[in-house]
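See below for the structure under consideration.
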Amino acid sequence: MFLRLLKSTGAHILVFIFFMGFLFWLHSFIAPSKTVFLFDIHPMPSYRLISELIPVNSLFGSLLTFGLILLQGALLVRLNTRFIFINNRTYLPAFFFVLITAAIPEMQRLNPVIFSGFFLLLALEQLFNAYRNEKVAYEIFLASFLISLGATFYPFLIFYLFIVWTSLIILRPFVWREWVFSILGFFLPWFFVFSWYYLLHNSYDKVFIDFAIQFKSSYKFPDYSVVTYIFGVFLIILILFASQFIIKEYTGKKILPRKAFLLFLWLFINTVLVYMLVSQASAELLFLGAIPLAYLLSNYFNFMKATVWGDVFLATLILLVVFILLQYW
């Protein structure tokens with residue numbers, strides 16, 4: 001019954017997703033997280049500007065972050081509506097995105113990754129627009145520009161330029177100018193940042209110092225509860241089930257959805273590699289990894305025939321998030 005309800009497309013689903021997310025974030029509105037992350041100690045230029053205007057541990061900061069979570073959930077639904085990754089119209093991508101990102105309560109506060117995720121989603125939209133472009137795709141330039149702009153908030157988003165190059169291989173025929181566009185688009189925001197520092201602060205190397213220190217700093221990450229690890233294990237199990245399902249139906253999908261899910265796979269792999277290989281990266285990457293996972297799980301549950309098991313899986317996932325959050329009350 002619960003799965004059937006979520007698979008419907010009425011306005012009541014949007015209301016449910018909003019109130020579910022609001023309840024999950026309620027504690028952060030009352031008592032915003034005081035956890036200090038590496039990006040607070042050494043903020044990137046764009047995030048520094050925002051954090052100087054909005055206190056990171058304030059009610060407004062939490063409300064702004066929650067609003068961006070909802071906006072990204074809406075963008076996930078919009079992308080599916082435009083490009084039809086999942087055959088049916090569904091709000092499940094927004095549901096899973098809001099649910100997964102609520103699992104780390106320490107991140108329910110103003111943080112740079114939520115801004116970077118917004119730019120990453122906009123970049124993905126440009127990449128899929130490029131698939132439909134029969135001429136030279138200038139959308140590649142814009143996608144690289146958006147990812148680079150997101151990296152001025154959260155430095156490790158620079159590694160997602162790999163996704164632009166992957167999309168050129170998966171979605172586009174070889175056009176050498178598009179590869180050049182990806183490089184030019186990536187460096188343009190940093191040219192503006194460099195100019196800002198040089199003209200207003202008379203410092204030509206501050207931007208390089210700010211960037212380099214992100215990879216040199218040592219930081220003790222917060223310990224997570226046993227329930228959080230159980231949630232992670234259960235989520236991995238669902239990912240394996242969903243992956244097995246999409247492999248079975250892969251050849252039956254149309255060309256663009258096949259290419260899209262292949263790109264989402266590389267997006268997820270890219271996120272895992274950044275987490276494993278960059279010692280300064282932490283649980284904040286969940287905000288980026290939740291993007292491909294939202295589509296993968298939505299595709300799985302949208303076509304699941306065993307609704308009883310679907311209800312059990314969804315109820316377990318929600319209850320684990322609830323148990324995680326109850327520890328902070």
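If you're wondering about the labels, chains in the structure tokens are A, B, ... by order shown, residues count from 1 in each chain, ligands from 1 in order shown.
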
Write down as number ranges by chain the residues of segment 16-142 of chain A whose backbone DSSP state falls under helix (DSSP H, G or I). A: 16-30, 38-41, 45-53, 59-83, 92-101, 105-107, 112-131, 139-142

Residues within 8 Å of Leu142 of chain A, only C-alpha atoms, excluding chain neighbours under 3 positions, as a count of residues only: 7

Which distance in Å separates atom CA of Leu326 of chain A and atom CA of Phe97 of chain A, to one decimal? 19.9 Å

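Shortest separation to Phe208 of chain A among A:Thr152, A:Gln327, A:Ser28, A:Asn87 occurs at residue A:Thr152, atoms counted being only C-alpha atoms.
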
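For the atom pair formed by atom CA of Leu286 of chain A and atom CA of Ala103 of chain A, the distance is 9.0 Å, given to one decimal.
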
Test item: residues at most 7 Å from segment 20-25 of chain A, only C-alpha atoms, excluding those fewer than 6 positions along its chain, as a short mmCIF file (atom, residue, chain, number, x, y, z; two decimals) with N, CA and C atoms, in the first residue's frame:
```cif
data_model
loop_
_atom_site.label_atom_id
_atom_site.label_comp_id
_atom_site.auth_asym_id
_atom_site.auth_seq_id
_atom_site.Cartn_x
_atom_site.Cartn_y
_atom_site.Cartn_z
N VAL A 98 15.45 13.25 -0.78
CA VAL A 98 15.18 13.86 0.53
C VAL A 98 15.45 12.87 1.65
N ALA A 102 18.87 12.99 4.44
CA ALA A 102 18.54 13.26 5.84
C ALA A 102 19.27 12.33 6.79
N GLN A 108 22.84 18.68 8.38
CA GLN A 108 21.60 19.45 8.26
C GLN A 108 21.83 20.88 8.73
#
```

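Our summary of the geometry notes that atom CA of Leu262 of chain A is positioned 27.1 Å from atom CA of Pro112 of chain A.
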
Counting only C-alpha atoms, what is within 12 Å of Leu240 of chain A, bar same-chain residues fewer than 4 positions away, as a PyMOL selection string? chain A and resi 233-236+244-247+293+296-297+300

Dump as an mmCIF file, in the first residue's frame, selection limited to C-alpha atoms:
```
data_model
loop_
_atom_site.group_PDB
_atom_site.id
_atom_site.type_symbol
_atom_site.label_atom_id
_atom_site.label_comp_id
_atom_site.auth_asym_id
_atom_site.auth_seq_id
_atom_site.Cartn_x
_atom_site.Cartn_y
_atom_site.Cartn_z
ATOM 1 C CA VAL A 233 24.610 -1.509 4.853
ATOM 2 C CA PHE A 234 20.886 -1.691 4.108
ATOM 3 C CA LEU A 235 21.229 1.019 1.467
ATOM 4 C CA ILE A 236 24.032 -0.977 -0.180
ATOM 5 C CA GLN A 244 20.561 -6.382 -10.677
ATOM 6 C CA PHE A 245 17.099 -5.272 -11.777
ATOM 7 C CA ILE A 246 18.357 -2.612 -14.183
ATOM 8 C CA ILE A 247 20.874 -5.036 -15.701
ATOM 9 C CA LEU A 293 21.014 6.668 -6.279
ATOM 10 C CA LEU A 296 18.491 3.918 -9.509
ATOM 11 C CA LEU A 297 16.188 3.231 -6.551
ATOM 12 C CA TYR A 300 13.689 -0.304 -9.055
#
```

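Contact shell of Leu122 of chain A at 10 Å (only C-alpha atoms; same-chain neighbours under 5 positions omitted): A:Gln72, A:Leu75, A:Leu76, A:Leu79, A:Ser116, A:Gly117, A:Leu127, A:Leu142, A:Ala143, A:Leu146, A:Ile147.
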
Which of these residues is nearest to Leu265 of chain A, using only C-alpha atoms: A:Thr228, A:Thr35, A:Ser243, A:Asn302? A:Ser243

Min atom-atom distance to Phe301 of chain A from the set A:Ile269, A:Leu5, A:Leu71, A:Leu277, counting only C-alpha atoms, belongs to A:Leu5

Using only C-alpha atoms, determine which residues lie at most 12 Å from Pro173 of chain A, disregarding the query and same-chain residues fewer than 6 positions distant; provide the list as a tab-separated table (two decimals) with C-alpha atoms, in the first residue's frame.
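Full text of out.tsv as output:
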```tsv
chain	number	residue	atom	x	y	z
A	130	ALA	CA	23.82	18.02	-25.72
A	131	TYR	CA	22.69	14.50	-26.59
A	132	ARG	CA	19.86	15.98	-28.66
A	133	ASN	CA	22.09	18.53	-30.38
A	134	GLU	CA	23.10	17.38	-33.85
A	135	LYS	CA	25.60	20.22	-34.27
A	136	VAL	CA	28.57	21.22	-32.12
A	137	ALA	CA	27.23	21.07	-28.55
A	165	TRP	CA	34.37	13.73	-20.40
A	166	THR	CA	32.48	10.48	-19.76
A	167	SER	CA	29.34	12.01	-21.23
A	179	TRP	CA	36.65	18.47	-25.64
```

Contacts between segment 46-61 of chain A and segment 185-242 of chain A, please, where a residue of segment 185-242 of chain A counts if it comes within 12 Å (with only C-alpha atoms); show its shortest atom pair and distance in Å to one decimal, rows by chain and ascending number, as CSV.
```
residue,atom,partner,partner_atom,distance
A:Pro189,CA,A:Ser46,CA,10.8
A:Trp190,CA,A:Ser46,CA,11.1
A:Phe192,CA,A:Ser46,CA,11.4
A:Val193,CA,A:Ser46,CA,8.9
A:Trp196,CA,A:Ser46,CA,11.2
A:Tyr197,CA,A:Ser46,CA,12.0
A:Val207,CA,A:Ser46,CA,11.2
A:Asp210,CA,A:Arg48,CA,10.9
```

Spatial neighbours of Tyr160 of chain A, max dist 10 Å, only C-alpha atoms, sep filter under 4 positions, as a count of residues only: 15

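If only C-alpha atoms are the atoms counted, then among A:Ile324, A:Ile140, A:Leu70, A:Leu314 the closest residue to Leu6 of chain A is A:Leu314.
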
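Nearest to Trp329 of chain A of all the residues A:Phe287, A:Phe29, A:Phe191, A:Phe115 is A:Phe29, counting only C-alpha atoms.
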
One residue among A:Ala315, A:Ala11, A:Val227, A:Ile291 is nearest to Phe96 of chain A when using only C-alpha atoms, and that residue is A:Ile291
